[in-house]
Amino acid sequence: MSDRLVALVTGGAGGIGSAISRRLAAEGCAVIVASRTASSRSTELLGDLTGDGHRAVDLDVADAASLDTLASSVPRLDVLVNCAGVTEPVPHDDLEGLSDEVIDRIFTTNWRGPFGVIRAMESALRAAPAPVIVNISSVAAVTGQGSNVAYCASKAALDSMTRSLGRALAPHIRVLSVSPGWVAGEYADRLPPGVLEAHRDAAPLRKLATPEDVAAAVRACVFDLPCSTGSILPVDGGRPLGVS
């Protein structure tokens with residue numbers, strides 16, 4: 001088998017996911033871009049990736065059959081990045097507005113989904129010499145401030161899973177979380193004027209993360225932190241240290 005690393009990025013055609021896919025491809029990985037609804041974007045992204053051997057796949061992280069199909073086509077996996085996620089803006093004090101349907105959709109995608117991908121790809125990961133899983137979390141897991149209460153809770157659960165599986169899958173598989181604050185890009189661009197500036201000014205570094213900042217952190221997890229597992233790596237400008 002080739003020594004080239006194989007990387008799977010769920011949500012790989014989104015704003016953050018595409019930056020991660022590009023960074024891993026630039027590092028020499030053969031990237032599998034997995035996406036549920038952005039097949040045209042996935043195809044376009046493949047043309048932008050450095051090197052060859054990349055491919056796009058349709059994947060619903062909440063569907064067991066979809067996961068089984070993917071797992072059967074990947075005999076070895078060196079890097080798994082769980083980047084697929086959903087949310088919906090609901091004020092934290094609007095308890096009725098956070099419906100059971102919204103809660104279930106968020107937890108199904110943001111927690112059960114990553115766990116399902118890890119479970120499905122465990123054998124492929126164990127076939128690699130030094131595999132690593134990177135879960136894309138959020139500073140909302142720590143601050144309790146985010147698009148809605150369920151989103152914050154789902155990311156806290158994801159970080160808890162990172163710690164649990166960091167222990168359970170050791171010593172062979174490392175598991176880490178990258179935890180961004182507000183990230184400039186598609187979702188942030190929908191916010192009312194002034195909101196992003198307020199979040200930026202509340203962070204000690206007075207800056208928002210970019211998708212490329214998140215991708216750089218993922219790259220560090222894969223290549224530069226061989227003695228780390230179960231850890232949460234913030235990419236948030238120091239936001240929890242700032243003012244509310």
# chains A, B, ... in the order shown; residues from 1 in each chain; ligands from 1
$ closest_atom_pairs --of "region 135-237 of chain A" --to "region 88-98 of chain A" --cutoff "8 Å" --atoms "only C-alpha atoms" --output "CSV"
residue,atom,partner,partner_atom,distance
A:Ser147,CA,A:Pro89,CA,4.7
A:Asn148,CA,A:Val90,CA,5.0
A:Val149,CA,A:His92,CA,5.7
A:Ala150,CA,A:Leu98,CA,7.9
$ write_last_selection --atoms "N, CA and C atoms" --output "compact mmCIF listing (two decimals), in the first residue's frame"
# COMPACT_ATOMS: atom_id res chain seq x y z
N SER A 147 -25.70 29.71 18.59
CA SER A 147 -26.92 29.90 17.81
C SER A 147 -28.17 29.44 18.54
N ASN A 148 -28.05 28.44 19.40
CA ASN A 148 -29.17 28.03 20.26
C ASN A 148 -28.65 27.11 21.36
N VAL A 149 -29.50 26.83 22.32
CA VAL A 149 -29.10 26.02 23.47
C VAL A 149 -28.69 24.60 23.04
N ALA A 150 -29.45 24.02 22.13
CA ALA A 150 -29.16 22.65 21.70
C ALA A 150 -27.82 22.58 20.97
$ residues_around --residues "His54 (chain A)" --least-positions-apart "2" --cutoff "7 Å" --atoms "only C-alpha atoms" --output "VMD selection string"
chain A and resid 30 to 32 46 52
$ residues_around --residues "Val33 (chain A)" --least-positions-apart "4" --cutoff "9 Å" --atoms "only C-alpha atoms" --output "VMD selection string"
chain A and resid 7 to 13 17 to 18 21 42 45 to 46 54 to 58
$ write_last_selection --atoms "N, CA and C atoms" --output "PDB file, in the first residue's frame"
ATOM      1  N   ALA A   7      -7.385  10.699   3.798  1.00  0.00           N
ATOM      2  CA  ALA A   7      -8.152  11.529   4.739  1.00  0.00           C
ATOM      3  C   ALA A   7      -9.598  11.617   4.289  1.00  0.00           C
ATOM      4  N   LEU A   8     -10.512  11.434   5.233  1.00  0.00           N
ATOM      5  CA  LEU A   8     -11.946  11.602   4.984  1.00  0.00           C
ATOM      6  C   LEU A   8     -12.414  12.840   5.734  1.00  0.00           C
ATOM      7  N   VAL A   9     -13.058  13.770   5.010  1.00  0.00           N
ATOM      8  CA  VAL A   9     -13.576  14.984   5.615  1.00  0.00           C
ATOM      9  C   VAL A   9     -15.082  15.020   5.404  1.00  0.00           C
ATOM     10  N   THR A  10     -15.861  14.823   6.469  1.00  0.00           N
ATOM     11  CA  THR A  10     -17.316  14.951   6.338  1.00  0.00           C
ATOM     12  C   THR A  10     -17.668  16.439   6.330  1.00  0.00           C
ATOM     13  N   GLY A  11     -18.724  16.785   5.621  1.00  0.00           N
ATOM     14  CA  GLY A  11     -18.995  18.201   5.422  1.00  0.00           C
ATOM     15  C   GLY A  11     -17.863  18.858   4.662  1.00  0.00           C
ATOM     16  N   GLY A  12     -17.194  18.073   3.839  1.00  0.00           N
ATOM     17  CA  GLY A  12     -15.935  18.494   3.223  1.00  0.00           C
ATOM     18  C   GLY A  12     -16.057  19.547   2.151  1.00  0.00           C
ATOM     19  N   ALA A  13     -17.278  19.850   1.700  1.00  0.00           N
ATOM     20  CA  ALA A  13     -17.463  20.867   0.669  1.00  0.00           C
ATOM     21  C   ALA A  13     -17.975  22.183   1.238  1.00  0.00           C
ATOM     22  N   GLY A  17     -15.095  22.969   5.901  1.00  0.00           N
ATOM     23  CA  GLY A  17     -14.683  21.675   5.375  1.00  0.00           C
ATOM     24  C   GLY A  17     -13.822  21.783   4.135  1.00  0.00           C
ATOM     25  N   SER A  18     -14.150  22.719   3.246  1.00  0.00           N
ATOM     26  CA  SER A  18     -13.363  22.861   2.016  1.00  0.00           C
ATOM     27  C   SER A  18     -11.962  23.371   2.330  1.00  0.00           C
ATOM     28  N   SER A  21     -10.117  20.370   3.585  1.00  0.00           N
ATOM     29  CA  SER A  21      -9.798  19.482   2.469  1.00  0.00           C
ATOM     30  C   SER A  21      -8.609  20.010   1.681  1.00  0.00           C
ATOM     31  N   SER A  42     -18.813  19.793  -4.273  1.00  0.00           N
ATOM     32  CA  SER A  42     -17.771  18.792  -4.053  1.00  0.00           C
ATOM     33  C   SER A  42     -16.967  18.582  -5.323  1.00  0.00           C
ATOM     34  N   LEU A  45     -14.757  21.490  -5.898  1.00  0.00           N
ATOM     35  CA  LEU A  45     -13.646  21.493  -4.952  1.00  0.00           C
ATOM     36  C   LEU A  45     -12.551  20.529  -5.379  1.00  0.00           C
ATOM     37  N   LEU A  46     -12.918  19.364  -5.896  1.00  0.00           N
ATOM     38  CA  LEU A  46     -11.916  18.387  -6.311  1.00  0.00           C
ATOM     39  C   LEU A  46     -10.931  18.993  -7.297  1.00  0.00           C
ATOM     40  N   HIS A  54      -7.953  12.237  -5.287  1.00  0.00           N
ATOM     41  CA  HIS A  54      -9.061  12.690  -4.438  1.00  0.00           C
ATOM     42  C   HIS A  54     -10.387  12.223  -5.036  1.00  0.00           C
ATOM     43  N   ARG A  55     -11.407  12.136  -4.198  1.00  0.00           N
ATOM     44  CA  ARG A  55     -12.727  11.786  -4.715  1.00  0.00           C
ATOM     45  C   ARG A  55     -13.813  12.371  -3.829  1.00  0.00           C
ATOM     46  N   ALA A  56     -14.974  12.546  -4.428  1.00  0.00           N
ATOM     47  CA  ALA A  56     -16.144  13.039  -3.705  1.00  0.00           C
ATOM     48  C   ALA A  56     -17.127  11.896  -3.529  1.00  0.00           C
ATOM     49  N   VAL A  57     -17.760  11.833  -2.360  1.00  0.00           N
ATOM     50  CA  VAL A  57     -18.748  10.794  -2.087  1.00  0.00           C
ATOM     51  C   VAL A  57     -19.971  11.427  -1.456  1.00  0.00           C
ATOM     52  N   ASP A  58     -21.128  10.837  -1.736  1.00  0.00           N
ATOM     53  CA  ASP A  58     -22.361  11.244  -1.057  1.00  0.00           C
ATOM     54  C   ASP A  58     -22.413  10.527   0.288  1.00  0.00           C
TER      55      ASP A  58
END
$ residues_around --residues "Arg167 (chain A)" --least-positions-apart "3" --cutoff "8 Å" --atoms "only C-alpha atoms" --output "number ranges by chain"
A: 163-164, 170-171, 229-230
$ closest_residue --among "A:Arg105, A:Arg219, A:Lys155, A:Arg239" --to "Gly181 (chain A)" --atoms "only C-alpha atoms"
A:Arg239
$ closest_residue --among "A:Ala62, A:Ala168, A:Val134, A:Ile173" --to "Ser231 (chain A)" --atoms "only C-alpha atoms"
A:Val134
$ closest_residue --among "A:Asp3, A:Glu212, A:Asp104, A:Glu122" --to "Leu67 (chain A)" --atoms "only C-alpha atoms"
A:Glu122
$ select_by_dssp --residues "region 20-236 of chain A" --states "helix (DSSP H, G or I)" --output "count of residues only"
101
$ select_by_dssp --residues "region 50-214 of chain A" --states "strand (DSSP E)" --output "PyMOL selection string"
chain A and resi 55-58+79-82+132-136+174-180
